[in-house]
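Next up, my_file29.cif (mmCIF, C-alpha atoms):
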data_query
loop_
_atom_site.label_atom_id
_atom_site.label_comp_id
_atom_site.auth_asym_id
_atom_site.auth_seq_id
_atom_site.Cartn_x
_atom_site.Cartn_y
_atom_site.Cartn_z
CA MET A 1 -41.44 123.60 -7.72
CA ALA A 2 -38.15 123.58 -5.94
CA HIS A 3 -38.55 127.06 -4.51
CA TYR A 4 -42.15 126.97 -3.44
CA TYR A 5 -41.57 129.00 -0.29
CA ASP A 6 -38.85 131.24 -1.70
CA ILE A 7 -40.20 134.78 -1.56
CA ASP A 8 -37.79 135.98 -4.24
CA ASP A 9 -38.95 133.25 -6.55
CA ILE A 10 -42.57 134.29 -6.01
CA ILE A 11 -41.84 137.97 -6.62
CA MET A 12 -39.80 137.09 -9.68
CA GLU A 13 -42.77 135.32 -11.22
CA GLY A 14 -44.66 138.60 -11.10
CA GLU A 15 -42.32 140.18 -13.67
CA LEU A 16 -44.26 141.42 -16.67
CA ILE A 17 -43.25 139.94 -20.00
CA SER A 18 -44.68 140.49 -23.43
CA VAL A 19 -46.52 137.63 -25.14
CA SER A 20 -48.40 137.18 -28.42
CA PHE A 21 -51.68 135.36 -28.36
CA HIS A 22 -52.14 132.48 -30.79
CA VAL A 23 -55.81 132.15 -30.03
CA ALA A 24 -58.52 134.63 -29.27
CA ALA A 25 -59.72 134.71 -25.69
CA ASN A 26 -63.12 135.94 -24.65
CA GLY A 27 -64.07 137.73 -21.47
CA VAL A 28 -60.66 137.89 -19.86
CA GLY A 29 -59.87 141.60 -19.83
CA LEU A 30 -56.16 141.03 -20.09
CA ASP A 31 -55.55 143.51 -22.88
CA PRO A 32 -55.85 147.07 -21.55
CA GLY A 33 -55.73 148.48 -25.11
CA SER A 34 -58.78 146.71 -26.45
CA GLU A 35 -62.24 148.16 -26.05
CA THR A 36 -64.06 144.90 -25.46
CA ASN A 37 -63.27 142.31 -22.84
CA CYS A 38 -61.60 140.03 -25.35
CA VAL A 39 -58.10 139.41 -26.60
CA GLU A 40 -57.78 139.18 -30.37
CA GLN A 41 -55.69 136.52 -32.01
CA GLY A 42 -52.16 137.77 -32.60
CA SER A 43 -52.34 140.70 -30.22
CA LYS A 44 -49.39 141.51 -27.98
CA VAL A 45 -50.11 141.71 -24.25
CA GLU A 46 -47.96 142.13 -21.18
CA LEU A 47 -48.58 139.36 -18.68
CA PRO A 48 -46.90 138.36 -15.46
CA PHE A 49 -44.51 135.49 -15.89
CA TRP A 50 -46.55 132.93 -13.99
CA LEU A 51 -49.57 133.45 -16.23
CA ALA A 52 -47.53 133.56 -19.40
CA HIS A 53 -45.84 130.34 -18.36
CA GLU A 54 -49.13 128.51 -17.87
CA LEU A 55 -50.59 129.81 -21.14
CA HIS A 56 -47.39 128.92 -22.94
CA GLN A 57 -47.66 125.33 -21.71
CA ARG A 58 -51.15 125.18 -23.20
CA GLN A 59 -49.78 126.68 -26.43
CA ALA A 60 -52.14 129.62 -26.21
CA VAL A 61 -49.39 132.22 -26.40
CA SER A 62 -45.83 132.58 -27.58
CA ILE A 63 -43.42 134.50 -25.44
CA ASN A 64 -41.36 137.34 -26.86
CA VAL A 65 -37.81 137.87 -25.67
CA PRO A 66 -37.94 140.47 -22.88
CA ALA A 67 -36.20 143.78 -23.38
CA CYS A 68 -33.44 142.99 -20.92
CA PHE A 69 -32.17 140.21 -23.21
CA ASN A 70 -32.34 142.14 -26.49
CA GLN A 71 -29.47 143.11 -28.74
CA LYS A 72 -29.12 146.59 -27.29
CA THR A 73 -28.59 145.29 -23.77
CA ARG A 74 -26.18 142.67 -25.06
CA LYS A 75 -24.09 145.34 -26.77
CA GLU A 76 -23.99 147.39 -23.58
CA ILE A 77 -22.98 144.35 -21.54
CA GLN A 78 -20.20 143.62 -23.98
CA ALA A 79 -18.96 147.19 -23.77
CA ASP A 80 -18.80 147.44 -19.99
CA ALA A 81 -20.74 144.85 -18.06
CA ALA A 82 -20.16 146.33 -14.64
CA CYS A 83 -21.68 149.71 -15.44
CA VAL A 84 -24.99 148.51 -16.90
CA ASP A 85 -27.91 149.23 -14.63
CA LEU A 86 -29.50 145.78 -14.65
CA ARG A 87 -31.48 146.45 -11.50
CA ASN A 88 -33.50 149.03 -13.35
CA ARG A 89 -34.10 146.76 -16.34
CA CYS A 90 -35.00 143.63 -14.47
CA LEU A 91 -34.34 143.08 -10.79
CA TYR A 92 -34.48 139.31 -11.31
CA PHE A 93 -32.36 139.32 -14.43
CA TYR A 94 -30.66 135.93 -13.96
CA GLU A 95 -33.61 134.10 -12.46
CA LEU A 96 -35.97 135.28 -15.18
CA GLY A 97 -33.37 134.49 -17.82
CA CYS A 98 -32.97 130.93 -16.58
CA LYS A 99 -36.71 130.34 -16.61
CA ILE A 100 -37.48 132.05 -19.86
CA ALA A 101 -34.64 130.67 -21.97
CA PRO A 102 -36.23 127.26 -22.67
CA MET A 103 -39.59 128.90 -23.40
CA VAL A 104 -38.55 131.40 -26.05
CA GLY A 105 -36.27 128.93 -27.77
CA ASP A 106 -33.35 131.36 -27.83
CA ARG A 107 -30.31 129.29 -27.01
CA THR A 108 -27.99 132.26 -26.75
CA ILE A 109 -29.65 133.54 -23.58
CA GLY A 110 -27.92 130.90 -21.46
CA SER A 111 -24.43 131.81 -22.56
CA PHE A 112 -25.31 135.50 -22.42
CA LEU A 113 -26.31 135.09 -18.77
CA LEU A 114 -23.10 133.25 -17.97
CA TYR A 115 -21.01 135.90 -19.72
CA THR A 116 -22.81 138.71 -17.90
CA PHE A 117 -22.45 137.05 -14.54
CA THR A 118 -18.76 136.29 -15.07
CA CYS A 119 -17.99 139.90 -15.92
CA ARG A 120 -20.07 141.45 -13.18
CA TYR A 121 -18.95 138.93 -10.56
CA LYS A 122 -15.42 140.35 -10.68
CA GLU A 123 -16.74 143.81 -9.95
CA VAL A 124 -18.74 142.53 -6.98
CA LEU A 125 -15.73 140.59 -5.72
CA SER A 126 -13.42 143.58 -5.81
CA LYS A 127 -15.86 145.74 -3.88
CA ALA A 128 -17.54 143.31 -1.51
CA HIS A 129 -14.81 142.55 1.02
CA SER A 130 -13.09 145.91 1.06
CA SER A 131 -15.80 148.55 1.24
CA ALA A 132 -17.30 147.41 4.51
CA PHE A 133 -17.58 150.89 5.91
CA VAL A 134 -18.81 152.72 2.86
CA VAL A 135 -22.49 153.36 3.30
CA ALA A 136 -24.55 152.27 0.28
CA PRO A 137 -22.09 152.91 -2.53
CA LYS A 138 -23.55 153.99 -5.81
CA PHE A 139 -22.59 150.76 -7.49
CA LEU A 140 -25.01 148.84 -5.30
CA THR A 141 -27.90 150.45 -7.14
CA LEU A 142 -26.83 148.74 -10.36
CA LEU A 143 -26.91 145.19 -9.04
CA THR A 144 -29.62 142.63 -9.58
CA LYS A 145 -31.11 140.64 -6.74
CA GLU A 146 -28.70 137.76 -7.10
CA GLU A 147 -25.67 140.02 -7.21
CA THR A 148 -26.90 141.99 -4.22
CA GLN A 149 -27.22 138.78 -2.22
CA LEU A 150 -23.68 137.86 -3.19
CA TYR A 151 -22.41 141.27 -2.14
CA GLU A 152 -24.34 141.13 1.12
CA ALA A 153 -22.96 137.68 1.95
CA ALA A 154 -19.39 138.92 1.62
CA ARG A 155 -19.97 142.23 3.34
CA SER A 156 -21.76 140.81 6.36
CA SER A 157 -19.18 138.09 6.99
CA MET A 158 -16.37 140.65 6.75
CA ALA A 159 -18.23 142.97 9.11
CA ALA A 160 -18.78 140.12 11.58
CA PHE A 161 -15.08 139.33 11.50
CA ARG A 162 -14.10 142.96 12.08
CA LYS A 163 -16.46 143.16 14.99
CA TRP A 164 -14.97 140.04 16.53
CA ARG A 165 -11.42 141.30 16.02
CA LEU A 166 -12.15 144.56 17.79
CA GLY A 167 -13.21 142.57 20.80
CA GLY A 168 -16.97 142.34 20.66
CA PRO A 169 -19.04 144.21 23.23
CA ARG A 170 -16.05 145.52 25.13
CA PHE A 171 -15.46 148.28 22.61
CA GLU A 172 -19.01 148.89 21.58
CA LYS A 173 -19.80 152.56 21.41
CA ALA A 174 -22.74 153.89 23.36
CA SER A 175 -25.48 154.87 20.96
CA ILE A 176 -25.68 158.38 22.38
CA LEU A 177 -22.02 159.13 21.61
CA GLY A 178 -22.41 159.06 17.84
CA LYS A 179 -25.27 161.55 17.75
CA LYS A 180 -24.69 165.16 17.02
CA ARG A 181 -26.80 167.47 19.03
CA LYS A 182 -28.88 169.90 17.05
CA PRO A 183 -28.14 173.57 17.80
CA ASN A 184 -31.74 174.43 18.70
CA ASP A 185 -32.11 171.64 21.26
CA MET B 1 -25.61 127.99 18.03
CA ALA B 2 -25.68 131.50 19.32
CA GLY B 3 -24.09 134.36 17.49
CA GLN B 4 -24.70 132.84 14.11
CA SER B 5 -25.85 135.26 11.47
CA ASP B 6 -27.18 133.17 8.61
CA PRO B 7 -27.62 129.45 9.20
CA HIS B 8 -27.58 128.57 5.49
CA LEU B 9 -24.34 130.22 4.51
CA SER B 10 -21.81 130.57 7.25
CA VAL B 11 -21.41 127.46 9.31
CA PHE B 12 -19.48 129.21 12.07
CA SER B 13 -19.46 132.67 13.49
CA ALA B 14 -16.11 134.23 14.37
CA ALA B 15 -16.71 133.51 18.05
CA GLU B 16 -17.32 129.84 17.29
CA VAL B 17 -14.10 129.57 15.32
CA GLU B 18 -12.33 131.14 18.29
CA PHE B 19 -13.91 128.53 20.53
CA LEU B 20 -12.49 125.76 18.34
CA ALA B 21 -9.07 127.39 18.42
CA GLU B 22 -9.01 127.26 22.19
CA ASP B 23 -8.28 123.54 22.00
CA GLU B 24 -4.83 124.20 20.54
CA MET B 25 -1.99 123.34 22.90
CA VAL B 26 0.23 126.05 24.31
CA GLU B 27 3.17 126.00 26.72
CA ILE B 28 2.81 127.67 30.09
CA VAL B 29 5.15 128.23 33.02
CA PRO B 30 3.14 127.93 36.24
CA ASN B 31 4.06 129.83 39.37
CA MET B 32 2.11 127.61 41.72
CA LYS B 33 2.08 123.99 42.76
CA MET B 34 -0.92 121.90 41.81
CA GLY B 35 -1.64 118.27 41.09
CA PRO B 36 -2.57 117.04 37.61
CA LEU B 37 -5.98 117.98 36.19
CA ASN B 38 -7.97 115.11 34.72
CA PHE B 39 -10.43 116.27 32.05
CA ILE B 40 -12.45 114.49 29.41
CA CYS B 41 -10.10 115.89 26.79
CA GLY B 42 -7.01 114.61 28.61
CA ASP B 43 -4.80 114.94 31.67
CA PHE B 44 -2.74 118.08 32.19
CA GLY B 45 -0.09 118.82 34.75
CA PRO B 46 1.19 118.29 37.35
CA PHE B 47 1.99 121.98 37.75
CA ARG B 48 5.21 122.97 39.50
CA PRO B 49 6.69 126.46 39.71
CA GLN B 50 9.05 127.32 36.84
CA ILE B 51 8.57 123.92 35.16
CA ALA B 52 6.98 124.37 31.73
CA THR B 53 4.02 122.21 30.76
CA GLU B 54 1.58 121.98 27.85
CA VAL B 55 -2.11 122.79 28.29
CA PRO B 56 -4.96 123.79 25.97
CA LEU B 57 -5.25 127.46 25.24
CA TRP B 58 -8.51 127.87 27.16
CA LEU B 59 -6.89 126.48 30.29
CA ALA B 60 -3.83 128.64 29.80
CA VAL B 61 -6.01 131.75 29.49
CA ALA B 62 -8.01 130.78 32.58
CA LEU B 63 -4.85 130.27 34.64
CA LYS B 64 -3.32 133.46 33.27
CA LYS B 65 -6.38 135.47 34.27
CA ARG B 66 -5.92 134.26 37.83
CA GLY B 67 -2.21 135.12 37.75
CA LYS B 68 -1.15 131.49 38.14
CA CYS B 69 1.14 131.22 35.15
CA THR B 70 2.88 132.94 32.29
CA ILE B 71 2.18 131.82 28.74
CA ARG B 72 5.12 131.05 26.46
CA PRO B 73 4.20 132.42 23.06
CA PRO B 74 4.49 129.81 20.31
CA GLN B 75 7.59 129.68 18.08
CA TRP B 76 5.87 131.30 15.14
CA LEU B 77 4.64 134.27 17.19
CA SER B 78 7.91 136.15 17.21
CA VAL B 79 9.13 139.17 15.30
CA GLU B 80 11.79 137.26 13.34
CA LYS B 81 9.52 134.40 12.28
CA LEU B 82 6.65 136.67 11.33
CA THR B 83 8.94 139.00 9.38
CA GLN B 84 10.16 136.00 7.41
CA VAL B 85 6.60 134.85 6.79
CA LEU B 86 5.49 138.31 5.70
CA GLU B 87 8.37 138.60 3.25
CA ALA B 88 7.67 135.14 1.88
CA GLU B 89 3.98 136.00 1.51
CA ARG B 90 4.85 139.11 -0.46
CA ASP B 91 7.42 137.31 -2.60
CA SER B 92 5.17 134.47 -3.71
CA PRO B 93 1.94 135.92 -5.08
CA ARG B 94 0.43 132.52 -5.83
CA GLU B 95 1.08 130.65 -2.59
CA PHE B 96 0.19 130.84 1.06
CA GLN B 97 2.85 130.29 3.70
CA PRO B 98 2.21 127.52 6.20
CA LEU B 99 0.99 129.09 9.42
CA PRO B 100 -0.97 127.40 12.21
CA PHE B 101 -4.54 126.71 11.15
CA HIS B 102 -5.85 128.97 13.91
CA TYR B 103 -3.19 131.66 13.80
CA VAL B 104 -5.67 134.56 13.68
CA GLU B 105 -7.61 133.35 16.71
CA ILE B 106 -4.60 132.25 18.78
CA SER B 107 -2.82 135.53 18.24
CA ARG B 108 -5.89 137.51 19.17
CA LEU B 109 -6.43 135.50 22.35
CA LEU B 110 -2.81 135.95 23.37
CA PHE B 111 -2.87 139.67 22.55
CA ASP B 112 -5.96 140.05 24.69
CA HIS B 113 -4.95 138.01 27.70
CA ALA B 114 -1.18 137.63 27.72
CA ARG B 115 0.24 140.75 26.13
CA ASP B 116 2.90 141.04 28.88
CA ASP B 117 4.25 137.58 27.92
CA ILE B 118 4.86 138.43 24.26
CA PRO B 119 8.07 140.33 23.52
CA ASP B 120 7.54 143.31 21.17
CA VAL B 121 3.81 142.88 21.28
CA TYR B 122 3.04 145.95 19.16
CA MET B 123 5.41 144.84 16.45
CA VAL B 124 4.07 141.29 16.50
CA ARG B 125 0.54 142.55 16.35
CA SER B 126 1.10 144.77 13.35
CA LEU B 127 3.01 141.96 11.60
CA ILE B 128 0.05 139.62 12.08
CA GLU B 129 -2.26 142.29 10.67
CA ASP B 130 0.01 142.82 7.66
CA ILE B 131 0.23 139.11 6.99
CA ARG B 132 -3.51 138.80 7.15
CA TYR B 133 -4.00 141.67 4.70
CA VAL B 134 -1.48 140.28 2.24
CA ARG B 135 -3.03 136.84 2.40
CA PHE B 136 -6.55 138.16 2.02
CA SER B 137 -5.70 140.17 -1.06
CA LYS B 138 -4.21 136.96 -2.49
CA VAL B 139 -7.45 135.15 -1.77
CA GLU B 140 -9.36 137.87 -3.61
CA SER B 141 -7.11 137.79 -6.64
CA GLY B 142 -7.43 134.01 -6.62
CA LEU B 143 -11.21 134.16 -6.52
CA GLU B 144 -11.15 136.27 -9.67
CA THR B 145 -10.15 133.19 -11.61
CA ILE B 146 -13.41 131.41 -10.77
CA SER B 147 -15.42 130.94 -13.91
CA GLY B 148 -18.15 128.73 -15.27
CA ARG B 149 -15.85 125.73 -15.48
CA THR B 150 -14.95 125.84 -11.79
CA HIS B 151 -16.77 123.51 -9.51
CA ALA B 152 -14.26 123.12 -6.71
CA VAL B 153 -11.74 125.45 -5.20
CA LYS B 154 -8.57 124.31 -3.54
CA LEU B 155 -6.99 126.58 -0.96
CA LYS B 156 -3.80 125.18 0.48
CA ASN B 157 -2.53 126.50 3.81
CA LEU B 158 -5.46 128.83 4.31
CA SER B 159 -6.38 129.31 7.95
CA ALA B 160 -9.69 128.66 9.66
CA MET B 161 -10.70 132.29 10.05
CA GLU B 162 -9.75 133.19 6.49
CA VAL B 163 -11.82 130.34 5.13
CA ASN B 164 -14.68 131.33 7.37
CA ILE B 165 -14.69 134.90 6.08
CA VAL B 166 -14.88 134.00 2.41
CA ARG B 167 -17.13 130.96 2.83
CA PRO B 168 -20.54 132.65 2.31
CA PHE B 169 -19.32 134.52 -0.74
CA VAL B 170 -17.57 131.55 -2.33
CA VAL B 171 -20.47 129.19 -1.72
CA ARG B 172 -22.93 131.57 -3.36
CA THR B 173 -20.57 132.27 -6.21
CA LEU B 174 -20.01 128.60 -6.98
CA GLN B 175 -23.74 127.95 -6.78
CA ALA B 176 -24.44 130.77 -9.21
CA PHE B 177 -21.78 129.63 -11.65
CA TYR B 178 -23.01 126.07 -11.39
CA LYS B 179 -26.52 127.18 -12.21
CA HIS B 180 -25.55 129.39 -15.13
CA ASP B 181 -23.13 126.88 -16.62
CA SER B 182 -25.43 123.89 -16.30
CA PRO B 183 -25.96 121.91 -19.51
CA GLN B 184 -29.64 122.88 -19.55
CA MET B 185 -28.71 126.53 -19.85
CA ILE B 186 -25.72 126.31 -22.18
CA GLN B 187 -27.08 124.12 -24.93
CA HIS B 188 -25.18 122.90 -27.91
CA PRO B 189 -27.05 123.35 -31.17
CA ASP B 190 -26.93 119.73 -32.34
CA THR B 191 -27.89 118.08 -29.05
CA ALA B 192 -30.48 120.51 -27.84
CA ALA B 193 -33.60 118.76 -26.68
CA ASN B 194 -34.33 115.65 -24.60
CA ARG B 195 -30.79 114.96 -23.56
CA PRO B 196 -30.39 113.99 -19.92
CA PRO B 197 -28.46 116.57 -17.91
CA GLN B 198 -24.86 115.54 -17.64
CA VAL B 199 -22.90 116.24 -14.54
CA ALA B 200 -20.07 113.76 -14.93
CA ASP B 201 -17.62 115.81 -16.96
CA ARG B 202 -17.58 119.51 -16.29
CA GLY B 203 -14.00 120.27 -17.16
CA PRO B 204 -10.92 119.93 -15.04
CA ARG B 205 -10.91 120.95 -11.43
CA ARG B 206 -9.34 124.33 -11.00
CA ASP B 207 -6.74 124.92 -8.36
CA LEU B 208 -7.05 128.34 -6.87
CA ARG B 209 -3.33 128.29 -6.22
CA ARG B 210 -0.88 126.47 -8.39
CA ARG B 211 1.59 124.50 -6.43
#
Using structure tokens, write down the structure from this file.
Amino acid sequence: MAHYYDIDDIIMEGELISVSFHVAANGVGLDPGSETNCVEQGSKVELPFWLAHELHQRQAVSINVPACFNQKTRKEIQADAACVDLRNRCLYFYELGCKIAPMVGDRTIGSFLLYTFTCRYKEVLSKAHSSAFVVAPKFLTLLTKEETQLYEAARSSMAAFRKWRLGGPRFEKASILGKKRKPND
Amino acid sequence: MAGQSDPHLSVFSAAEVEFLAEDEMVEIVPNMKMGPLNFICGDFGPFRPQIATEVPLWLAVALKKRGKCTIRPPQWLSVEKLTQVLEAERDSPREFQPLPFHYVEISRLLFDHARDDIPDVYMVRSLIEDIRYVRFSKVESGLETISGRTHAVKLKNLSAMEVNIVRPFVVRTLQAFYKHDSPQMIQHPDTAANRPPQVADRGPRRDLRRR
């Protein structure tokens, strides 16, 4: 585990993905739809990635391709990559894709990820260094975790430079000056 | 290292880059008499009134603050030179003009501490700003060409501060592209499994700017 202490990596592994059981499992209570505490053979269950990964290694389950890598999403990405709300579909789109690609045996996921990142990267690039003063633009809500980190890296270094160029603390505004007084005060 | 925002990404903060720039030499005209100064970084002086001598920028600024000298602005920091540079920057969309490596920092230090020594200081200042904007938009358009096959970026004539601004973004971008374009992720159908990851040949190196 290269990222043992990486909090994003840990949160990412909590993503729910759909799996099909090859074997029946007794007394686990994983399947909320079933009346008993068992999982039937062949039933589809949503499991967090870390559990699915372990069960997959023991060949107890097979992993279905998550919805964010299905044909519909791919068509939308091809149409206009920058406008697709990937954050809503899967916050850890790229990280999950990288981990899940070898497990589902779908070789097109890798190139799909690269294509998506290449297209969306240009959008991040064009916005990141220029819109330093715009507060939370709408486009930020579409970005995945990785893209947000990229955007933040550019924005914060540009903001640090602007601050330095204005002369640091000499021109810092007193916090009270920016506030508007309420009429009933 | 104080003033550093994120230790993993940006190696220097803007203030640290400015600190490095203060070692650049600059010509001063003292108005006092003083023997030579012997420092670890070298010997400077002797200082005689109206006789120009070369000192590091930090020393020049310190003397200037005490009213002991006037600073001679460097050759490139004049309206004619900068106008030429700005025109050349606008005319060649794929190239950066050679400017001193620390031109952003030196000009800011001189604008702050020696504005009475620079002729047409407002004009010079706005020219520097314009040049910086033009160059930065070129950097951005150059970064658009980064793709999965890029694993190094060459930026000729880019200055210290400009590199420092884009460093966190470029490093993350290259890391992401490297990850997504790795042979494990982009598999070829015939040689799918149990092939050792190859890193030797990942396509030609891409120049950000063609020379």
**Message:** Using only C-alpha atoms for the distances, tell me which of B:Ser13, B:Thr150, B:Gln97, B:Ser92 is nearest to chain A.
**Reply:**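 Residue with the minimum atom-to-atom distance to chain A: B:Ser13.
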**Prompt:** In Å, how far is it from atom CA of A:Asn26 to atom CA of A:Gly14?
**Reply:**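 These two atoms are separated by 23.1 Å.
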**Message:** Here is a test: counting all atoms listed in the file, which residue of B:Arg172, B:Arg115, B:Arg125, B:Lys33 is nearest to chain A?
**Reply:**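 That would be B:Arg172, the residue with the smallest distance to chain A.
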**Prompt:** Can you list, as a PyMOL selection string, the residues that the PyMOL selection byres ((chain A and resi 144-160) around 6) selects here?
**Reply:** (chain A and resi 86-87+91-92+128-129+132+143+161-163) or (chain B and resi 165+168-169)
**Request:** Specify as an MDAnalysis selection string each residue included when the PyMOL selection byres ((chain B and resi 113) around 12) is applied to this file.
**Result:** (chainID A and resid 167) or (chainID B and resid 57:67 69:71 73 106:112 114:118 121)
Please produce a file of those selected residues containing C-alpha atoms, as a CSV table (one decimal), keeping the file's coordinate frame.
chain,number,residue,atom,x,y,z
A,167,GLY,CA,-13.2,142.6,20.8
B,57,LEU,CA,-5.2,127.5,25.2
B,58,TRP,CA,-8.5,127.9,27.2
B,59,LEU,CA,-6.9,126.5,30.3
B,60,ALA,CA,-3.8,128.6,29.8
B,61,VAL,CA,-6.0,131.8,29.5
B,62,ALA,CA,-8.0,130.8,32.6
B,63,LEU,CA,-4.8,130.3,34.6
B,64,LYS,CA,-3.3,133.5,33.3
B,65,LYS,CA,-6.4,135.5,34.3
B,66,ARG,CA,-5.9,134.3,37.8
B,67,GLY,CA,-2.2,135.1,37.8
B,69,CYS,CA,1.1,131.2,35.2
B,70,THR,CA,2.9,132.9,32.3
B,71,ILE,CA,2.2,131.8,28.7
B,73,PRO,CA,4.2,132.4,23.1
B,106,ILE,CA,-4.6,132.2,18.8
B,107,SER,CA,-2.8,135.5,18.2
B,108,ARG,CA,-5.9,137.5,19.2
B,109,LEU,CA,-6.4,135.5,22.4
B,110,LEU,CA,-2.8,136.0,23.4
B,111,PHE,CA,-2.9,139.7,22.6
B,112,ASP,CA,-6.0,140.0,24.7
B,114,ALA,CA,-1.2,137.6,27.7
B,115,ARG,CA,0.2,140.8,26.1
B,116,ASP,CA,2.9,141.0,28.9
B,117,ASP,CA,4.2,137.6,27.9
B,118,ILE,CA,4.9,138.4,24.3
B,121,VAL,CA,3.8,142.9,21.3
Run the PyMOL selection byres ((chain B) within 7 of (chain A)) mentally over the shown coordinates, then write out the matched residues as a PDB file with C-alpha atoms, in the coordinates of the input, using the chain letters and numbers from the document.
ATOM      1  CA  ALA B  14     -16.110 134.230  14.370  1.00  0.00           C
ATOM      2  CA  ALA B  15     -16.710 133.510  18.050  1.00  0.00           C
ATOM      3  CA  GLU B 144     -11.150 136.270  -9.670  1.00  0.00           C
ATOM      4  CA  SER B 147     -15.420 130.940 -13.910  1.00  0.00           C
ATOM      5  CA  ILE B 165     -14.690 134.900   6.080  1.00  0.00           C
ATOM      6  CA  VAL B 166     -14.880 134.000   2.410  1.00  0.00           C
ATOM      7  CA  PRO B 168     -20.540 132.650   2.310  1.00  0.00           C
ATOM      8  CA  PHE B 169     -19.320 134.520  -0.740  1.00  0.00           C
ATOM      9  CA  ARG B 172     -22.930 131.570  -3.360  1.00  0.00           C
ATOM     10  CA  HIS B 180     -25.550 129.390 -15.130  1.00  0.00           C
ATOM     11  CA  ASP B 181     -23.130 126.880 -16.620  1.00  0.00           C
ATOM     12  CA  MET B 185     -28.710 126.530 -19.850  1.00  0.00           C
ATOM     13  CA  ILE B 186     -25.720 126.310 -22.180  1.00  0.00           C
ATOM     14  CA  GLN B 187     -27.080 124.120 -24.930  1.00  0.00           C
TER      15      GLN B 187
END
**Request:** Between atom CA of A:Val45 and atom CA of A:Ile17, measure the distance and give it in Å to one decimal.
**Result:**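 That distance, rounded to one decimal, is 8.3 Å.
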**Asked** Restricting the calculation to all atoms listed in the file, which member of A:Leu140, A:Met103, A:Ile10, A:Val28 is positioned closest to A:Gln57?
**Response**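 Nearest to A:Gln57: A:Met103.
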**Message:** Under the rule that only C-alpha atoms are counted, which of A:Cys83, A:Ile77, A:Val124, A:Ile100 is the nearest residue to A:Ser18?
**Reply:**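 Going through A:Cys83, A:Ile77, A:Val124, A:Ile100 one by one, the smallest distance to A:Ser18 is for A:Ile100.
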**Item:** From B:Tyr133, B:Val104, B:Lys179, B:Gly148, residue lying nearest B:Val17 [only C-alpha atoms]
**Value:**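 Once distances to B:Val17 are computed over only C-alpha atoms, the minimum belongs to B:Val104.
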**Item:** Point-to-point distance in Å for atom CA of B:Pro36 and atom CA of B:Gln75
**Value:** 25.4 Å
Please report, as lines of an AutoDock Vina configuration file, the centre and edge lengths in Å to one decimal of an axis-aligned box covering all listed atoms of stretch 112-129 of chain B with 3 Å per side.
center_x = 1.1
center_y = 141.8
center_z = 19.8
size_x = 20.0
size_y = 14.4
size_z = 24.2
**Item:** Non-local contacts of A:Leu16 (10 Å; all atoms listed in the file; under 2 positions in same chain excluded) as a ChimeraX atom specification
**Value:** /A:12-14,18-19,45-52,66,90
Go ahead and write the residues just picked, C-alpha atoms, as an mmCIF file, keeping the file's coordinate frame.
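Generated output (result36.cif):
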data_model
loop_
_atom_site.group_PDB
_atom_site.id
_atom_site.type_symbol
_atom_site.label_atom_id
_atom_site.label_comp_id
_atom_site.auth_asym_id
_atom_site.auth_seq_id
_atom_site.Cartn_x
_atom_site.Cartn_y
_atom_site.Cartn_z
ATOM 1 C CA MET A 12 -39.800 137.090 -9.680
ATOM 2 C CA GLU A 13 -42.770 135.320 -11.220
ATOM 3 C CA GLY A 14 -44.660 138.600 -11.100
ATOM 4 C CA SER A 18 -44.680 140.490 -23.430
ATOM 5 C CA VAL A 19 -46.520 137.630 -25.140
ATOM 6 C CA VAL A 45 -50.110 141.710 -24.250
ATOM 7 C CA GLU A 46 -47.960 142.130 -21.180
ATOM 8 C CA LEU A 47 -48.580 139.360 -18.680
ATOM 9 C CA PRO A 48 -46.900 138.360 -15.460
ATOM 10 C CA PHE A 49 -44.510 135.490 -15.890
ATOM 11 C CA TRP A 50 -46.550 132.930 -13.990
ATOM 12 C CA LEU A 51 -49.570 133.450 -16.230
ATOM 13 C CA ALA A 52 -47.530 133.560 -19.400
ATOM 14 C CA PRO A 66 -37.940 140.470 -22.880
ATOM 15 C CA CYS A 90 -35.000 143.630 -14.470
#
**Asked** If you count all atoms listed in the file, which residues fall within 9 Å of A:His22, apart from same-chain ones fewer than 3 positions away, as an NGL selection string?
**Response** :A and (40-43 or 59-62)
**Asked** Pick from B:Gln50, B:Ser159, B:Gln184, B:Thr173: nearest to B:Leu99, with all atoms listed in the file counted?
**Response**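 Result for the nearest residue to B:Leu99: B:Ser159.
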